[in-house]
Amino acid sequence: MNQQAFSSLKLHPNLLTNLSTLGYDAMTPIQQQSLPAILADKDVIAQGQTGSGKTAAFGLGLLQKLNLKQHGIQALVLCPTRELADQVAKEIRKLGRSIANIKVLTLCGGMPFGPQVGSLEHDAHIIVGTPGRIEDHLSRGTMKLNGISTLVLDEADRMLEMGFQNALDTIVAQIPKQRQTLLFSATFPAKIESIAKKIMRKPLIVQVTSTHDDSTIEQHFYRIEDDEQRMTALRLLLLKHRPESTLVFCNTKKETESVAQALTWHGFSALALNGDLEQRDRDQTMVRFTNKSISILVATDVAARGLDVAALDAVINYHIAQDPETHVHRIGRTGRAGSKGIACSLYRENPYRMTMLGDYIGREIKGETLPSLELLKQDIFKPTMTTLQIGGGKKQKLRPGDILGALTGEHGIEGKQVGKIHLMDNWAYVAVHRDALKIAMKKLSEGQLKGRSFRVRQI
Ligand code: AMP
């Protein structure tokens, strides 16, 4: 399909100017196919994965329709996880930064209730949240949905998998029938169809199966004899490609733990990410992976959903996904935005299942030979960065600039040795080059930060 410019749409000039400053020149396929209908106030069902540009597709629709003179919530976006909700809210704010005074509020579980009630009293235009918490607000009467003109269900399949069906029914029942409903989902099980029938009006269906072609993702398959060989194969592939950031997919939470442990035992820098982790540990794991202090993240499909990493160098399927759609979704996490990525899959499945998968991805699957065992003698690569946790955050009025300033001040480290900075409510994380660790610790802990001394530790 030919690429089309956003300027071919009837978008508000401020939104268009902002898109070009963001470097969004052409529409992605999902945007091209869905935006005209979204802007015409039609209901749309779209099949799009993370990375397809789906957030901007519905985000631009919401922003274009917003009436700043009207009080109360005008749009509700429901997401399965807090990580996704945060990511979606961030993208909407970015897209809408050329419109003055828009308020986008996230309401998710796992966060204190009181401050959310306070924020709701200050009139938000757009709410992004998880179904459970939105349902709680409705039942306590702390939020009203009677002014909503757009409802978005993002990753609807995951919301159902996570048991949010009842919460969704309760929420939808409180939104005016006269509205636009947009539904995004990576897969289309029968349950999604029945929800769509119930809550949508003559939806346009848009399908974009893959955002990649073979030139951006290299896919390899390796047939495995037994589970012991599986771990060796994983080590060999890591040592051969030496990727800076790798996502390893497992089918169970338990397995994410054992694989991460085994990799660590073999000297790799690896952590597990799964739904059993406490929210704080999950945040910390994601921060360390996205700021390149950890090279390998071993995750389940659900846990990996919220991960916001622009370009993963490699995705390795420790086990083949349960269904072909999930397989495509997994490997779509690498090679984003035109950068080259590698996807390796280890399998022991019977030929019938592999033929099915091959048919789905449009190629014959042939097991390749694993790299030579000689590679196991090689040095293990280490991440270039390490993370420092600072005992102060947004509530202590710390800003990224303060942290960067303290690190790079007199006798400090160089700006290029500082990586990502993540600010949380009561603490902050900053990535620094391993070589610069000692000086960085000293600069941060010795009262260089806003004239105060904060607790700093390497994690
Ligand atoms: P999403 O699928 O919504 O998670 O978006 C994936 C990434 O693509 C996000 O980082 C967006 O900021 C970016 N993006 C979305 N639309 C465009 C576009 N038309 N051109 C360039 N980047 C885009």
# chains A, B, ... in the order shown; residues from 1 in each chain; ligands from 1
>>> select_by_dssp(residues="region 226-295 of chain A", states="helix (DSSP H, G or I)", output="MDAnalysis selection string")
chainID A and resid 227:241 253:265 279:290
>>> residues_around(residues="Arg434 (chain A)", least_positions_apart="4", cutoff="10 Å", atoms="only C-alpha atoms", output="list in words")
Ser293, Lys382, Pro383, Thr384, Met385, Thr386, Thr387, Gln417, Lys438 and Ala440 of chain A
>>> atom_distance(atom1="CA of Glu161 (chain A)", atom2="CA of Gln279 (chain A)")
19.6 Å
>>> residues_around(residues="Pro203 (chain A)", least_positions_apart="6", cutoff="8 Å", atoms="only C-alpha atoms", output="PyMOL selection string")
chain A and resi 42-45
>>> residues_around(residues="region 6-13 of chain A", least_positions_apart="2", cutoff="10 Å", atoms="only C-alpha atoms", output="PyMOL selection string")
chain A and resi 3-4+15-20+24-28+31-32+35-36+39-40+60-61+63-65+98-99
>>> write_last_selection(atoms="C-alpha atoms", output="mmCIF file, in the first residue's frame")
data_model
loop_
_atom_site.group_PDB
_atom_site.id
_atom_site.type_symbol
_atom_site.label_atom_id
_atom_site.label_comp_id
_atom_site.auth_asym_id
_atom_site.auth_seq_id
_atom_site.Cartn_x
_atom_site.Cartn_y
_atom_site.Cartn_z
ATOM 1 C CA GLN A 3 2.094 5.566 2.190
ATOM 2 C CA GLN A 4 -0.218 8.452 2.816
ATOM 3 C CA LEU A 15 -2.621 18.335 15.501
ATOM 4 C CA LEU A 16 -1.082 18.183 12.030
ATOM 5 C CA THR A 17 1.759 20.546 12.932
ATOM 6 C CA ASN A 18 2.475 18.549 16.060
ATOM 7 C CA LEU A 19 2.544 15.275 14.105
ATOM 8 C CA SER A 20 5.214 16.635 11.848
ATOM 9 C CA TYR A 24 5.170 11.100 12.115
ATOM 10 C CA ASP A 25 5.309 11.781 8.394
ATOM 11 C CA ALA A 26 3.314 8.989 6.858
ATOM 12 C CA MET A 27 0.459 6.997 8.338
ATOM 13 C CA THR A 28 1.087 3.404 9.333
ATOM 14 C CA GLN A 31 -3.853 4.410 10.710
ATOM 15 C CA GLN A 32 -4.390 4.650 6.974
ATOM 16 C CA LEU A 35 -8.469 6.952 10.675
ATOM 17 C CA PRO A 36 -10.856 8.146 7.941
ATOM 18 C CA LEU A 39 -12.706 10.786 12.117
ATOM 19 C CA ALA A 40 -16.130 10.280 10.485
ATOM 20 C CA LEU A 60 -6.060 11.315 17.117
ATOM 21 C CA GLY A 61 -9.744 10.439 16.822
ATOM 22 C CA LEU A 63 -8.355 14.553 20.309
ATOM 23 C CA GLN A 64 -10.005 15.776 17.116
ATOM 24 C CA LYS A 65 -13.451 15.326 18.671
ATOM 25 C CA SER A 98 -0.465 21.384 20.765
ATOM 26 C CA ILE A 99 -3.920 21.774 22.306
#
>>> residues_near_ligand(ligand="ligand 1", cutoff="9 Å", atoms="only C-alpha atoms and all ligand atoms", output="ChimeraX atom specification")
/A:5-6,19,22-29,31-32,48-59,84,87-88,91,94-95,308-310,336-337
>>> select_by_dssp(residues="region 290-373 of chain A", states="strand (DSSP E)", output="PyMOL selection string")
chain A and resi 296-299+314-317+341-347
>>> residues_around(residues="Met424 (chain A)", least_positions_apart="2", cutoff="9 Å", atoms="only C-alpha atoms", output="PyMOL selection string")
chain A and resi 392-395+422+426-429
>>> residues_around(residues="Ser345 (chain A)", least_positions_apart="3", cutoff="9 Å", atoms="only C-alpha atoms", output="ChimeraX atom specification")
/A:219-223,315-320
>>> residues_around(residues="region 110-126 of chain A", least_positions_apart="4", cutoff="9 Å", atoms="only C-alpha atoms", output="number ranges by chain")
A: 62-63, 66-68, 70-77, 82, 89, 102-106, 133, 137, 142-143, 279
>>> closest_residue(among="A:Asp136, A:Glu244, A:Glu278, A:Glu225", to="Leu297 (chain A)", atoms="only C-alpha atoms")
A:Glu244
>>> atom_distance(atom1="CA of Leu107 (chain A)", atom2="CA of Lys253 (chain A)")
26.3 Å
>>> closest_residue(among="A:Ala186, A:Lys191, A:Ala262, A:Glu364", to="Arg330 (chain A)", atoms="only C-alpha atoms")
A:Ala186
>>> closest_residue(among="A:Gln396, A:Thr408, A:Ser453, A:Thr232", to="Leu373 (chain A)", atoms="only C-alpha atoms")
A:Thr232
>>> atom_distance(atom1="CA of Gln322 (chain A)", atom2="CA of Glu83 (chain A)")
23.6 Å
>>> closest_residue(among="A:Thr334, A:His433, A:Val456, A:Asn350", to="Ile390 (chain A)", atoms="only C-alpha atoms")
A:Val456
>>> decode(residues="region 370-390 of chain A", atoms="N, CA, C and O atoms", output="compact mmCIF listing (two decimals), in the first residue's frame")
# COMPACT_ATOMS: atom_id res chain seq x y z
N LEU A 370 21.84 -25.54 15.06
CA LEU A 370 22.21 -24.60 16.13
C LEU A 370 23.68 -24.19 15.98
O LEU A 370 24.48 -24.95 15.42
N PRO A 371 24.04 -23.01 16.50
CA PRO A 371 25.46 -22.61 16.46
C PRO A 371 26.33 -23.63 17.20
O PRO A 371 25.84 -24.37 18.06
N SER A 372 27.61 -23.65 16.89
CA SER A 372 28.53 -24.64 17.46
C SER A 372 28.66 -24.50 18.98
O SER A 372 28.68 -23.39 19.53
N LEU A 373 28.81 -25.65 19.64
CA LEU A 373 28.97 -25.66 21.11
C LEU A 373 30.23 -24.93 21.57
O LEU A 373 30.35 -24.53 22.72
N GLU A 374 31.15 -24.74 20.63
CA GLU A 374 32.38 -23.99 20.93
C GLU A 374 32.07 -22.61 21.52
O GLU A 374 32.80 -22.07 22.33
N LEU A 375 30.92 -22.06 21.07
CA LEU A 375 30.55 -20.72 21.51
C LEU A 375 30.40 -20.62 23.03
O LEU A 375 30.56 -19.55 23.60
N LEU A 376 30.09 -21.75 23.67
CA LEU A 376 29.87 -21.73 25.12
C LEU A 376 31.12 -21.31 25.88
O LEU A 376 31.07 -20.93 27.03
N LYS A 377 32.28 -21.40 25.18
CA LYS A 377 33.54 -21.02 25.86
C LYS A 377 33.74 -19.51 25.83
O LYS A 377 34.63 -18.98 26.48
N GLN A 378 32.92 -18.83 25.03
CA GLN A 378 33.12 -17.38 24.87
C GLN A 378 32.76 -16.60 26.12
O GLN A 378 31.94 -17.05 26.94
N ASP A 379 33.34 -15.41 26.23
CA ASP A 379 32.96 -14.52 27.34
C ASP A 379 31.49 -14.14 27.19
O ASP A 379 31.02 -13.94 26.09
N ILE A 380 30.83 -14.00 28.34
CA ILE A 380 29.43 -13.59 28.29
C ILE A 380 29.40 -12.07 28.23
O ILE A 380 30.15 -11.41 28.94
N PHE A 381 28.52 -11.55 27.38
CA PHE A 381 28.44 -10.09 27.26
C PHE A 381 27.67 -9.51 28.45
O PHE A 381 26.82 -10.16 29.03
N LYS A 382 28.01 -8.29 28.80
CA LYS A 382 27.36 -7.62 29.95
C LYS A 382 26.69 -6.35 29.44
O LYS A 382 27.14 -5.75 28.48
N PRO A 383 25.65 -5.92 30.12
CA PRO A 383 25.02 -4.67 29.68
C PRO A 383 25.97 -3.48 29.89
O PRO A 383 26.81 -3.52 30.79
N THR A 384 25.80 -2.47 29.07
CA THR A 384 26.70 -1.31 29.18
C THR A 384 26.31 -0.41 30.35
O THR A 384 27.13 0.32 30.88
N MET A 385 25.03 -0.47 30.75
CA MET A 385 24.56 0.47 31.76
C MET A 385 24.29 -0.24 33.09
O MET A 385 24.21 -1.47 33.14
N THR A 386 24.14 0.56 34.13
CA THR A 386 23.67 0.02 35.40
C THR A 386 22.69 1.05 35.98
O THR A 386 22.72 2.21 35.59
N THR A 387 21.81 0.61 36.89
CA THR A 387 20.77 1.52 37.37
C THR A 387 21.04 1.97 38.81
O THR A 387 21.37 1.15 39.66
N LEU A 388 20.86 3.26 39.03
CA LEU A 388 20.93 3.78 40.40
C LEU A 388 19.52 4.17 40.82
O LEU A 388 18.79 4.80 40.05
N GLN A 389 19.16 3.78 42.04
CA GLN A 389 17.86 4.18 42.57
C GLN A 389 18.08 5.33 43.55
O GLN A 389 18.93 5.24 44.43
N ILE A 390 17.32 6.39 43.37
CA ILE A 390 17.46 7.58 44.21
C ILE A 390 16.23 7.66 45.11
O ILE A 390 15.09 7.48 44.63
